$ cat model.cif   # mmCIF, C-alpha atoms
data_run
loop_
_atom_site.label_atom_id
_atom_site.label_comp_id
_atom_site.auth_asym_id
_atom_site.auth_seq_id
_atom_site.Cartn_x
_atom_site.Cartn_y
_atom_site.Cartn_z
CA MET R 1 0.00 0.00 0.00
CA LYS R 2 2.96 2.31 0.53
CA ASN R 3 3.74 2.14 -3.17
CA VAL R 4 0.41 3.68 -4.20
CA ILE R 5 0.84 6.50 -6.70
CA LYS R 6 -0.01 9.77 -4.97
CA ASN R 7 -0.70 11.88 -8.06
CA ALA R 8 -1.64 9.35 -10.73
CA ASN R 9 -2.73 10.56 -14.13
CA PRO R 10 -6.57 10.42 -14.16
CA TRP R 11 -6.39 8.41 -17.38
CA LEU R 12 -4.83 5.59 -15.33
CA TRP R 13 -7.81 5.12 -13.03
CA ILE R 14 -11.00 6.91 -14.16
CA PRO R 15 -11.79 4.60 -17.12
CA THR R 16 -11.23 1.43 -15.08
CA LEU R 17 -13.00 2.81 -11.98
CA TYR R 18 -16.23 3.54 -13.84
CA PHE R 19 -15.99 0.34 -15.85
CA ALA R 20 -15.70 -1.48 -12.50
CA GLU R 21 -18.64 0.51 -11.15
CA GLY R 22 -20.94 -0.81 -13.86
CA ILE R 23 -19.98 -4.50 -13.88
CA PRO R 24 -21.50 -5.56 -10.52
CA TYR R 25 -24.62 -3.48 -11.18
CA PHE R 26 -25.33 -5.29 -14.45
CA ILE R 27 -24.36 -8.68 -13.02
CA VAL R 28 -26.86 -8.27 -10.16
CA ASN R 29 -29.71 -6.62 -12.04
CA ASN R 30 -29.49 -7.99 -15.58
CA ILE R 31 -27.38 -11.12 -15.84
CA SER R 32 -29.14 -12.59 -12.81
CA VAL R 33 -32.40 -12.49 -14.82
CA ILE R 34 -30.88 -14.39 -17.74
CA LEU R 35 -29.05 -16.81 -15.43
CA PHE R 36 -32.23 -17.75 -13.53
CA THR R 37 -34.25 -17.98 -16.75
CA ARG R 38 -31.74 -20.29 -18.40
CA MET R 39 -31.61 -22.42 -15.24
CA GLY R 40 -35.36 -23.06 -15.50
CA VAL R 41 -36.61 -20.88 -12.62
CA PRO R 42 -40.28 -19.91 -13.28
CA ASN R 43 -40.77 -16.29 -14.36
CA GLY R 44 -42.78 -15.37 -11.27
CA GLU R 45 -40.10 -16.39 -8.77
CA MET R 46 -37.32 -15.15 -11.04
CA ALA R 47 -38.79 -11.65 -11.36
CA LEU R 48 -39.65 -11.39 -7.65
CA PHE R 49 -36.25 -12.32 -6.29
CA THR R 50 -34.14 -10.52 -8.91
CA SER R 51 -36.20 -7.37 -8.22
CA LEU R 52 -35.68 -7.66 -4.46
CA ILE R 53 -31.92 -7.66 -5.07
CA TYR R 54 -32.39 -4.09 -6.35
CA PHE R 55 -33.33 -2.95 -2.82
CA PRO R 56 -29.84 -1.67 -1.78
CA TRP R 57 -30.02 1.02 -4.48
CA VAL R 58 -33.41 2.06 -3.11
CA ILE R 59 -32.12 2.66 0.42
CA LYS R 60 -28.65 3.87 -0.59
CA PRO R 61 -29.25 7.47 0.63
CA LEU R 62 -29.74 6.16 4.18
CA TRP R 63 -26.10 5.19 4.62
CA SER R 64 -24.40 7.49 2.10
CA PRO R 65 -23.53 10.08 4.83
CA PHE R 66 -21.57 7.43 6.73
CA VAL R 67 -19.36 6.78 3.70
CA ASP R 68 -18.43 10.44 3.97
CA ILE R 69 -17.95 10.33 7.74
CA LEU R 70 -15.95 7.11 8.12
CA ARG R 71 -12.54 6.60 6.49
CA THR R 72 -11.51 7.92 3.09
CA LYS R 73 -13.39 7.51 -0.19
CA ARG R 74 -10.38 5.64 -1.54
CA TRP R 75 -10.58 3.15 1.35
CA TRP R 76 -14.26 2.49 0.63
CA ILE R 77 -13.55 2.01 -3.10
CA ILE R 78 -10.83 -0.58 -2.54
CA MET R 79 -12.63 -2.39 0.28
CA MET R 80 -15.90 -2.66 -1.65
CA GLN R 81 -14.05 -3.96 -4.71
CA ILE R 82 -12.36 -6.58 -2.54
CA VAL R 83 -15.75 -7.61 -1.13
CA MET R 84 -17.23 -7.85 -4.64
CA SER R 85 -14.23 -9.81 -5.93
CA ILE R 86 -14.67 -12.36 -3.12
CA ALA R 87 -18.42 -12.51 -3.82
CA PHE R 88 -17.80 -13.18 -7.54
CA ILE R 89 -15.32 -15.94 -6.68
CA LEU R 90 -17.83 -17.55 -4.34
CA LEU R 91 -20.58 -17.14 -6.97
CA THR R 92 -18.51 -19.29 -9.28
CA PHE R 93 -18.76 -22.15 -6.80
CA SER R 94 -22.33 -21.46 -5.65
CA ILE R 95 -24.18 -21.90 -8.94
CA PRO R 96 -26.34 -25.03 -8.60
CA HIS R 97 -26.57 -27.71 -11.28
CA PRO R 98 -30.24 -28.63 -11.79
CA SER R 99 -30.94 -31.53 -14.12
CA PRO R 100 -31.66 -30.89 -17.83
CA GLU R 101 -35.17 -32.25 -17.29
CA MET R 102 -35.83 -29.76 -14.49
CA ILE R 103 -34.50 -26.89 -16.61
CA SER R 104 -36.53 -27.78 -19.70
CA ALA R 105 -39.70 -28.10 -17.58
CA THR R 106 -39.07 -24.65 -16.03
CA ALA R 107 -39.44 -26.34 -12.66
CA THR R 108 -36.22 -25.33 -10.91
CA PRO R 109 -37.12 -24.01 -7.43
CA VAL R 110 -35.56 -20.67 -6.53
CA SER R 111 -34.65 -22.18 -3.14
CA LEU R 112 -31.89 -24.04 -4.99
CA PHE R 113 -30.24 -20.63 -5.46
CA SER R 114 -30.40 -19.51 -1.81
CA PHE R 115 -26.63 -19.07 -1.38
CA THR R 116 -26.34 -17.52 -4.83
CA LEU R 117 -29.02 -14.97 -3.89
CA ILE R 118 -27.22 -14.14 -0.64
CA LEU R 119 -24.05 -13.44 -2.61
CA PHE R 120 -26.02 -11.27 -5.06
CA VAL R 121 -27.39 -9.27 -2.12
CA ILE R 122 -23.89 -8.79 -0.65
CA THR R 123 -22.67 -7.70 -4.07
CA ALA R 124 -25.59 -5.28 -4.39
CA PHE R 125 -24.86 -3.57 -1.05
CA ALA R 126 -21.14 -3.39 -1.86
CA SER R 127 -21.87 -2.04 -5.35
CA ALA R 128 -24.25 0.65 -4.06
CA THR R 129 -21.66 1.71 -1.47
CA HIS R 130 -18.95 1.70 -4.14
CA ASP R 131 -21.10 4.03 -6.27
CA ILE R 132 -21.26 6.55 -3.41
CA ALA R 133 -17.52 6.40 -2.75
CA ALA R 134 -16.46 6.51 -6.42
CA ASP R 135 -18.58 9.56 -7.21
CA GLY R 136 -17.34 11.33 -4.08
CA PHE R 137 -13.70 10.45 -4.81
CA TYR R 138 -14.09 11.76 -8.36
CA MET R 139 -14.97 15.20 -6.99
CA LEU R 140 -12.18 15.16 -4.39
CA ALA R 141 -9.37 13.84 -6.58
CA LEU R 142 -9.96 16.15 -9.58
CA ASN R 143 -10.14 19.91 -9.91
CA GLN R 144 -13.16 21.50 -11.63
CA GLN R 145 -11.48 21.60 -15.04
CA GLN R 146 -10.56 17.91 -14.82
CA GLN R 147 -14.05 17.01 -13.62
CA SER R 148 -15.56 18.70 -16.67
CA PHE R 149 -13.09 17.05 -19.02
CA PHE R 150 -13.49 13.51 -17.68
CA VAL R 151 -17.26 13.51 -17.16
CA GLY R 152 -17.76 12.18 -20.70
CA ILE R 153 -14.96 9.64 -20.26
CA ARG R 154 -16.49 8.18 -17.09
CA SER R 155 -19.93 7.95 -18.72
CA THR R 156 -18.46 6.25 -21.80
CA PHE R 157 -16.70 3.56 -19.77
CA TYR R 158 -19.80 2.99 -17.65
CA ARG R 159 -21.73 2.38 -20.88
CA LEU R 160 -18.97 0.05 -22.08
CA SER R 161 -19.38 -1.93 -18.87
CA SER R 162 -23.07 -2.26 -19.79
CA ILE R 163 -22.19 -3.69 -23.19
CA PHE R 164 -19.63 -5.99 -21.58
CA GLY R 165 -21.99 -7.14 -18.82
CA GLN R 166 -25.20 -7.51 -20.83
CA GLY R 167 -23.61 -8.27 -24.18
CA VAL R 168 -20.18 -9.90 -24.07
CA LEU R 169 -20.65 -12.01 -20.93
CA VAL R 170 -24.09 -13.22 -22.05
CA TYR R 171 -22.69 -14.03 -25.51
CA VAL R 172 -19.82 -15.98 -23.92
CA ALA R 173 -22.28 -17.92 -21.75
CA GLY R 174 -24.37 -18.70 -24.85
CA VAL R 175 -21.39 -19.98 -26.81
CA LEU R 176 -20.38 -22.15 -23.86
CA GLU R 177 -23.94 -23.48 -23.56
CA THR R 178 -23.84 -24.51 -27.22
CA ARG R 179 -20.38 -26.08 -27.10
CA THR R 180 -20.69 -27.91 -23.78
CA GLY R 181 -24.41 -28.68 -23.87
CA ASN R 182 -24.37 -28.00 -20.14
CA ILE R 183 -26.11 -24.78 -19.09
CA PRO R 184 -24.98 -24.75 -15.42
CA TRP R 185 -21.34 -25.34 -16.36
CA ALA R 186 -21.52 -22.63 -19.03
CA TRP R 187 -22.64 -20.06 -16.45
CA THR R 188 -20.12 -21.32 -13.89
CA ILE R 189 -17.29 -20.68 -16.36
CA THR R 190 -18.77 -17.29 -17.27
CA MET R 191 -18.86 -16.25 -13.62
CA ALA R 192 -15.29 -17.51 -13.18
CA ILE R 193 -14.20 -15.25 -16.06
CA THR R 194 -15.99 -12.34 -14.37
CA ALA R 195 -14.35 -13.10 -11.01
CA VAL R 196 -10.85 -13.22 -12.50
CA MET R 197 -11.37 -10.01 -14.48
CA PHE R 198 -12.87 -8.06 -11.57
CA SER R 199 -10.20 -9.30 -9.15
CA GLY R 200 -7.57 -8.10 -11.61
CA ILE R 201 -9.16 -4.65 -11.72
CA THR R 202 -9.25 -4.58 -7.91
CA ILE R 203 -5.53 -5.37 -7.67
CA TYR R 204 -4.81 -2.72 -10.30
CA HIS R 205 -6.80 -0.09 -8.39
CA THR R 206 -5.00 -0.94 -5.15
CA PHE R 207 -1.87 0.55 -6.72
CA PHE R 208 -3.19 3.04 -9.28
CA VAL R 209 -6.11 4.78 -7.56
CA PRO R 210 -4.22 7.73 -6.05
CA ARG R 211 -4.27 8.98 -2.48
CA ALA R 212 -6.02 12.26 -3.20
CA LYS R 213 -4.85 15.13 -1.01
CA ALA R 214 -8.38 16.40 -0.37
CA ASP R 215 -9.51 12.88 0.55
CA ALA R 216 -6.58 12.42 2.95
CA GLU R 217 -7.11 15.85 4.52
CA LYS R 218 -10.70 14.97 5.38
CA GLU R 219 -9.49 11.80 7.08
CA THR R 220 -6.82 13.71 9.03
CA GLU R 221 -9.40 16.21 10.26
CA LYS R 222 -11.46 13.34 11.63
CA LEU R 223 -8.50 11.75 13.41
CA VAL R 224 -7.26 14.91 15.16
CA SER R 225 -10.69 15.83 16.54
CA ASN R 226 -10.95 15.45 20.31
CA GLU R 227 -13.65 13.36 21.97
CA THR R 228 -15.90 16.33 22.72
CA LYS R 229 -15.67 17.54 19.17
CA LYS R 230 -16.49 14.07 17.96
CA LYS R 231 -19.67 13.99 20.03
CA THR R 232 -20.66 17.44 18.85
CA THR R 233 -19.90 16.58 15.25
CA THR R 234 -21.91 13.36 15.46
CA GLU R 235 -24.86 15.23 16.91
CA GLU R 236 -24.59 17.87 14.20
CA ILE R 237 -24.40 15.22 11.52
CA VAL R 238 -27.51 13.46 12.81
CA ASN R 239 -29.37 16.77 12.96
CA GLU R 240 -28.29 17.73 9.44
CA PHE R 241 -29.20 14.26 8.20
CA ALA R 242 -32.72 14.63 9.63
CA ARG R 243 -32.98 18.19 8.31
CA THR R 244 -32.04 17.02 4.83
CA PHE R 245 -34.98 14.62 4.68
CA ASN R 246 -37.30 17.08 6.41
CA LEU R 247 -36.61 19.80 3.82
CA TYR R 248 -37.02 17.34 0.97
CA PHE R 249 -40.50 16.29 2.04
CA LYS R 250 -41.48 19.92 2.63
CA LYS R 251 -40.69 20.96 -0.95
CA PRO R 252 -43.68 22.41 -2.85
CA GLY R 253 -45.41 19.73 -4.90
CA VAL R 254 -43.43 16.91 -3.30
CA LEU R 255 -46.29 14.38 -3.46
CA LEU R 256 -46.85 14.93 -7.18
CA ALA R 257 -43.09 14.77 -7.73
CA ILE R 258 -42.85 11.42 -5.94
CA VAL R 259 -45.82 10.06 -7.90
CA PHE R 260 -44.11 11.21 -11.12
CA MET R 261 -40.84 9.53 -10.14
CA LEU R 262 -42.65 6.29 -9.28
CA LEU R 263 -44.98 6.07 -12.30
CA TYR R 264 -43.31 7.78 -15.27
CA ARG R 265 -41.36 4.61 -16.09
CA LEU R 266 -44.11 2.13 -15.12
CA PRO R 267 -44.43 0.58 -18.62
CA GLU R 268 -40.64 0.14 -18.88
CA ALA R 269 -40.43 -1.25 -15.34
CA PHE R 270 -42.75 -4.12 -16.32
CA LEU R 271 -41.29 -4.52 -19.79
CA LEU R 272 -37.58 -4.61 -18.90
CA LYS R 273 -38.01 -7.44 -16.40
CA MET R 274 -39.65 -9.67 -19.03
CA VAL R 275 -37.68 -8.81 -22.17
CA ASN R 276 -34.95 -11.41 -21.72
CA PRO R 277 -37.32 -14.22 -20.66
CA PHE R 278 -39.49 -13.41 -23.71
CA LEU R 279 -36.50 -13.55 -26.04
CA LEU R 280 -35.26 -16.81 -24.48
CA ASP R 281 -38.49 -18.75 -23.86
CA THR R 282 -39.64 -21.45 -26.26
CA ARG R 283 -42.26 -20.67 -28.89
CA ALA R 284 -44.59 -23.13 -27.20
CA LYS R 285 -44.54 -20.77 -24.20
CA GLY R 286 -44.98 -17.67 -26.37
CA GLY R 287 -41.31 -16.66 -26.49
CA LEU R 288 -39.04 -16.08 -29.48
CA GLU R 289 -36.68 -18.96 -28.54
CA LEU R 290 -33.45 -17.10 -29.28
CA SER R 291 -30.17 -18.64 -28.23
CA THR R 292 -28.38 -17.08 -25.27
CA GLU R 293 -25.61 -15.72 -27.49
CA ASN R 294 -28.18 -14.08 -29.79
CA VAL R 295 -29.80 -12.43 -26.77
CA GLY R 296 -26.38 -11.12 -25.75
CA PHE R 297 -25.97 -9.65 -29.22
CA VAL R 298 -29.50 -8.34 -29.83
CA TYR R 299 -30.41 -6.96 -26.41
CA GLY R 300 -27.06 -6.67 -24.63
CA THR R 301 -25.20 -5.04 -27.52
CA ILE R 302 -27.54 -3.55 -30.15
CA GLY R 303 -30.12 -2.63 -27.51
CA VAL R 304 -27.55 -0.94 -25.24
CA ILE R 305 -26.01 0.98 -28.16
CA PHE R 306 -29.40 2.39 -29.21
CA LEU R 307 -30.28 3.11 -25.57
CA THR R 308 -27.09 5.17 -25.34
CA VAL R 309 -27.70 6.96 -28.63
CA GLY R 310 -31.26 7.77 -27.52
CA GLY R 311 -29.91 9.24 -24.28
CA ILE R 312 -27.32 11.36 -26.10
CA ILE R 313 -29.86 12.74 -28.58
CA GLY R 314 -32.30 13.26 -25.72
CA GLY R 315 -29.72 15.36 -23.89
CA MET R 316 -29.08 17.45 -27.00
CA ALA R 317 -32.81 17.98 -27.54
CA ALA R 318 -33.43 18.90 -23.91
CA SER R 319 -30.61 21.44 -23.91
CA ARG R 320 -32.22 23.09 -26.89
CA TRP R 321 -35.89 22.88 -25.92
CA GLY R 322 -35.68 22.96 -22.13
CA LEU R 323 -37.37 20.48 -19.81
CA LYS R 324 -40.94 21.79 -20.19
CA LYS R 325 -41.03 21.51 -23.98
CA SER R 326 -39.21 18.16 -23.83
CA LEU R 327 -41.68 16.47 -21.51
CA TRP R 328 -44.38 15.45 -23.99
CA PRO R 329 -42.12 14.32 -26.87
CA MET R 330 -40.07 12.31 -24.39
CA ALA R 331 -43.13 10.83 -22.68
CA ALA R 332 -44.32 9.73 -26.15
CA CYS R 333 -40.97 8.07 -26.81
CA MET R 334 -41.16 6.37 -23.42
CA THR R 335 -44.53 4.81 -24.26
CA LEU R 336 -45.14 4.34 -28.01
CA PRO R 337 -42.10 2.11 -28.77
CA CYS R 338 -43.51 -0.45 -26.31
CA PHE R 339 -45.80 -1.47 -29.19
CA THR R 340 -42.77 -3.17 -30.78
CA PHE R 341 -43.04 -5.96 -28.20
CA VAL R 342 -46.76 -6.30 -28.80
CA TYR R 343 -45.87 -6.80 -32.46
CA LEU R 344 -43.14 -9.33 -31.64
CA SER R 345 -45.45 -11.33 -29.39
CA MET R 346 -48.17 -11.41 -32.08
CA ALA R 347 -46.08 -11.90 -35.22
CA MET R 348 -43.46 -14.17 -33.57
CA PRO R 349 -40.77 -13.44 -36.21
CA SER R 350 -37.72 -15.67 -36.44
CA ASN R 351 -35.67 -13.20 -38.50
CA LEU R 352 -32.92 -11.84 -36.24
CA VAL R 353 -32.79 -8.55 -38.16
CA VAL R 354 -36.50 -7.87 -37.54
CA ILE R 355 -36.14 -8.69 -33.85
CA SER R 356 -33.03 -6.50 -33.59
CA VAL R 357 -34.80 -3.55 -35.24
CA CYS R 358 -37.73 -3.82 -32.83
CA VAL R 359 -35.42 -3.99 -29.79
CA ALA R 360 -33.39 -1.05 -31.14
CA ILE R 361 -36.52 1.11 -31.62
CA GLU R 362 -37.80 0.33 -28.12
CA GLN R 363 -34.44 0.95 -26.46
CA PHE R 364 -33.84 4.18 -28.40
CA GLY R 365 -37.25 5.44 -27.28
CA TYR R 366 -36.51 4.51 -23.69
CA GLY R 367 -33.13 6.27 -23.79
CA PHE R 368 -34.66 9.40 -25.32
CA GLY R 369 -37.64 9.44 -22.96
CA PHE R 370 -35.55 8.77 -19.87
CA THR R 371 -33.78 12.12 -20.35
CA ALA R 372 -36.86 14.03 -19.19
CA TYR R 373 -36.99 11.86 -16.08
CA MET R 374 -33.36 12.59 -15.19
CA LEU R 375 -33.77 16.30 -15.81
CA TYR R 376 -36.88 16.45 -13.67
CA MET R 377 -35.02 14.84 -10.76
CA MET R 378 -32.26 17.47 -11.14
CA TYR R 379 -34.91 20.19 -11.29
CA PHE R 380 -36.70 18.95 -8.17
CA ALA R 381 -33.42 18.58 -6.26
CA GLU R 382 -32.48 22.26 -6.78
CA GLY R 383 -31.84 24.31 -3.64
CA GLU R 384 -30.20 23.53 -0.32
CA PHE R 385 -28.83 19.98 -0.01
CA LYS R 386 -28.99 19.58 -3.77
CA THR R 387 -26.72 16.51 -3.81
CA ALA R 388 -28.53 14.74 -0.97
CA HIS R 389 -31.95 15.55 -2.41
CA TYR R 390 -30.91 14.20 -5.80
CA ALA R 391 -29.80 10.99 -4.04
CA ILE R 392 -33.28 10.71 -2.48
CA CYS R 393 -34.78 11.15 -5.95
CA THR R 394 -32.63 8.28 -7.23
CA ALA R 395 -34.01 6.13 -4.40
CA PHE R 396 -37.53 6.70 -5.73
CA MET R 397 -36.16 6.00 -9.21
CA ALA R 398 -34.84 2.63 -8.01
CA ALA R 399 -38.14 1.87 -6.28
CA SER R 400 -40.01 2.64 -9.52
CA MET R 401 -38.18 -0.28 -11.14
CA MET R 402 -38.07 -2.66 -8.18
CA ILE R 403 -41.75 -2.70 -7.16
CA PRO R 404 -43.31 -3.42 -10.61
CA GLY R 405 -40.52 -5.90 -11.33
CA MET R 406 -41.46 -7.93 -8.26
CA VAL R 407 -44.88 -8.82 -9.73
CA ALA R 408 -44.02 -8.72 -13.45
CA GLY R 409 -43.20 -12.42 -13.65
CA TYR R 410 -46.40 -13.54 -11.94
CA LEU R 411 -48.45 -11.28 -14.22
CA GLN R 412 -46.72 -12.72 -17.28
CA GLU R 413 -47.40 -16.27 -16.13
CA LEU R 414 -51.05 -15.35 -15.60
CA LEU R 415 -51.56 -13.44 -18.86
CA GLY R 416 -49.05 -14.94 -21.31
CA TYR R 417 -46.54 -12.80 -23.17
CA GLU R 418 -48.92 -11.21 -25.69
CA HIS R 419 -51.49 -10.08 -23.14
CA PHE R 420 -48.71 -9.06 -20.75
CA PHE R 421 -47.31 -6.66 -23.38
CA TRP R 422 -50.80 -5.27 -23.97
CA MET R 423 -50.96 -4.65 -20.23
CA VAL R 424 -47.67 -2.73 -20.56
CA ILE R 425 -49.33 -0.54 -23.18
CA ALA R 426 -52.21 0.10 -20.78
CA CYS R 427 -49.68 1.23 -18.17
CA CYS R 428 -48.64 4.01 -20.56
CA ILE R 429 -51.73 5.85 -19.30
CA ALA R 430 -49.85 6.31 -16.01
CA THR R 431 -46.92 7.93 -17.83
CA VAL R 432 -49.23 10.33 -19.64
CA GLY R 433 -51.16 11.11 -16.45
CA VAL R 434 -48.15 12.01 -14.28
CA THR R 435 -46.56 14.00 -17.11
CA PHE R 436 -49.74 16.07 -17.30
CA THR R 437 -49.73 16.85 -13.56
CA ILE R 438 -46.22 18.19 -12.97
CA LYS R 439 -45.17 21.80 -13.42
CA VAL R 440 -41.67 23.01 -14.27
CA ASP R 441 -39.93 26.29 -15.06
CA PRO R 442 -40.17 26.83 -18.85
CA GLU R 443 -36.53 27.94 -18.96
CA TYR R 444 -35.10 25.07 -16.96
CA GLY R 445 -32.74 22.81 -18.88
CA ARG R 446 -31.68 25.08 -21.71
CA LYS R 447 -27.95 25.27 -22.43
CA ARG R 448 -26.93 25.31 -18.77
CA ILE R 449 -27.99 21.67 -18.35
CA SER R 450 -26.28 20.63 -21.56
CA LYS R 451 -22.96 21.82 -20.15
CA ASP R 452 -23.43 19.79 -16.98
CA GLU R 453 -24.81 16.75 -18.76
CA LYS R 454 -23.04 13.53 -17.80
#
$ encode --input "model.cif" --output "structure tokens"
Amino acid sequence: MKNVIKNANPWLWIPTLYFAEGIPYFIVNNISVILFTRMGVPNGEMALFTSLIYFPWVIKPLWSPFVDILRTKRWWIIMMQIVMSIAFILLTFSIPHPSPEMISATATPVSLFSFTLILFVITAFASATHDIAADGFYMLALNQQQQSFFVGIRSTFYRLSSIFGQGVLVYVAGVLETRTGNIPWAWTITMAITAVMFSGITIYHTFFVPRAKADAEKETEKLVSNETKKKTTTEEIVNEFARTFNLYFKKPGVLLAIVFMLLYRLPEAFLLKMVNPFLLDTRAKGGLELSTENVGFVYGTIGVIFLTVGGIIGGMAASRWGLKKSLWPMAACMTLPCFTFVYLSMAMPSNLVVISVCVAIEQFGYGFGFTAYMLYMMYFAEGEFKTAHYAICTAFMAASMMIPGMVAGYLQELLGYEHFFWMVIACCIATVGVTFTIKVDPEYGRKRISKDEK
């Protein structure tokens, strides 16, 4: 540890840090869905338990102040990466091996994955904590000019981690499934590859994430405080923590804002949880029966690319129009492309190009429409405690995906894929309704937001 570079070039650690930030998130929230589906876990149980794993991101604001109070941000980054590396290694050995008959009958009980789920939960808490520390360290280790310069770099590598996690790893698992004919072993090897890669990144960061002066100074200030000061500081922190939440829930229009944050993405919340099962399930069950590697290519690569492009164009449009004028076009793009999955469930095409185009349209619309959601959270968080209030908004954002996802699988099993996707279309009414109710400053989001855009 003494050989850690004190003033490392940001290029040596920012790309890998934000790549590492994305990997566990996509493993826990996306790959877990495909893993359980391919292992024959029924959609109802799969969706419920993989949605519950999302809970740490919902409650993240509750312990984020303690990451700032205790130790340095660098310490939290390295320790959380070590925890996640160990969890990935253990995941490699924890994946159960249900029989081919059990898998094909979609009769694998989720209880078989109890230890795997525990490791996913540990990874989720560590990943959420790592997010807090990494974002805080970014602001402490870089000056304002460097922060502005590298904001695009960090976002790019986070998106690359999405392509790697949802695309490359799933493709690798699919190829291994085909070559070995053994689904559990294919995913065991895939998780082993992930564990080795992430452990390598952790070792690299141990030496190349610098000891930022501002980060170290904050730690020194904590250590030199006397006992009385510590008690006073703790009391002040608790009071400020309570005041932060109190002011948030006293903001004008807070109830409508919370309803907007919970319901704007309701169609996508149901849809996203069932996309991969729909693509993977047999045609007898109403799915498109794609191979795992094709899902990695279509959804994990093409889908993510068009999601990113939609977000970029959405940011450009919002900076030109402002949030108020962007709301309705973006709400339309959040809802109308959902019809592509109604079409897929009715037409049941086998042509990979047609399926890819439909996924690309839906993901582009989601990326474009999601921009208004992000801007509204920034708008509502304005004022005192802006950072903390934005973190609370992201908790509602996480809840908006977790809660519908918990019941999505059971609804799909009850309705079938086609009727389930029609239900998703019906949920678009919620998006339209909450968009109609909120009020924003007509000038908010023009130019100034485009400069700050991540």
$ resolve_selection --input "model.cif" --expression "the PyMOL selection byres ((chain R and resi 331-346) around 7)" --output "number ranges by chain"
R: 327-330, 347-349, 358, 361-362, 365-366, 368-369, 417-418, 421-422, 425, 428, 431-432
$ closest_atom_pairs --input "model.cif" --of "segment 258-284 of chain R" --to "segment 91-114 of chain R" --cutoff "12 Å" --atoms "all atoms listed in the file" --output "Markdown table"
| residue | atom | partner | partner_atom | distance |
| --- | --- | --- | --- | --- |
| R:Pro277 | CA | R:Thr106 | CA | 11.5 |
| R:Asp281 | CA | R:Thr106 | CA | 9.8 |
| R:Thr282 | CA | R:Ser104 | CA | 9.6 |
| R:Ala284 | CA | R:Ala105 | CA | 11.9 |
$ residues_around --input "model.cif" --residues "Phe49 of chain R" --least-positions-apart "2" --cutoff "12 Å" --atoms "only C-alpha atoms" --output "ChimeraX atom specification"
/R:28-29,32-33,36,41-47,51-55,109-111,113-114,116-118,120-121,273,402-403,405-410
$ closest_residue --input "model.cif" --among "R:Asn276, R:Gln166, R:Thr188, R:Gln146" --to "Phe26 of chain R" --atoms "only C-alpha atoms"
R:Gln166
$ closest_residue --input "model.cif" --among "R:Trp13, R:Thr156, R:Ala391, R:Asn143" --to "Met378 of chain R" --atoms "only C-alpha atoms"
R:Ala391
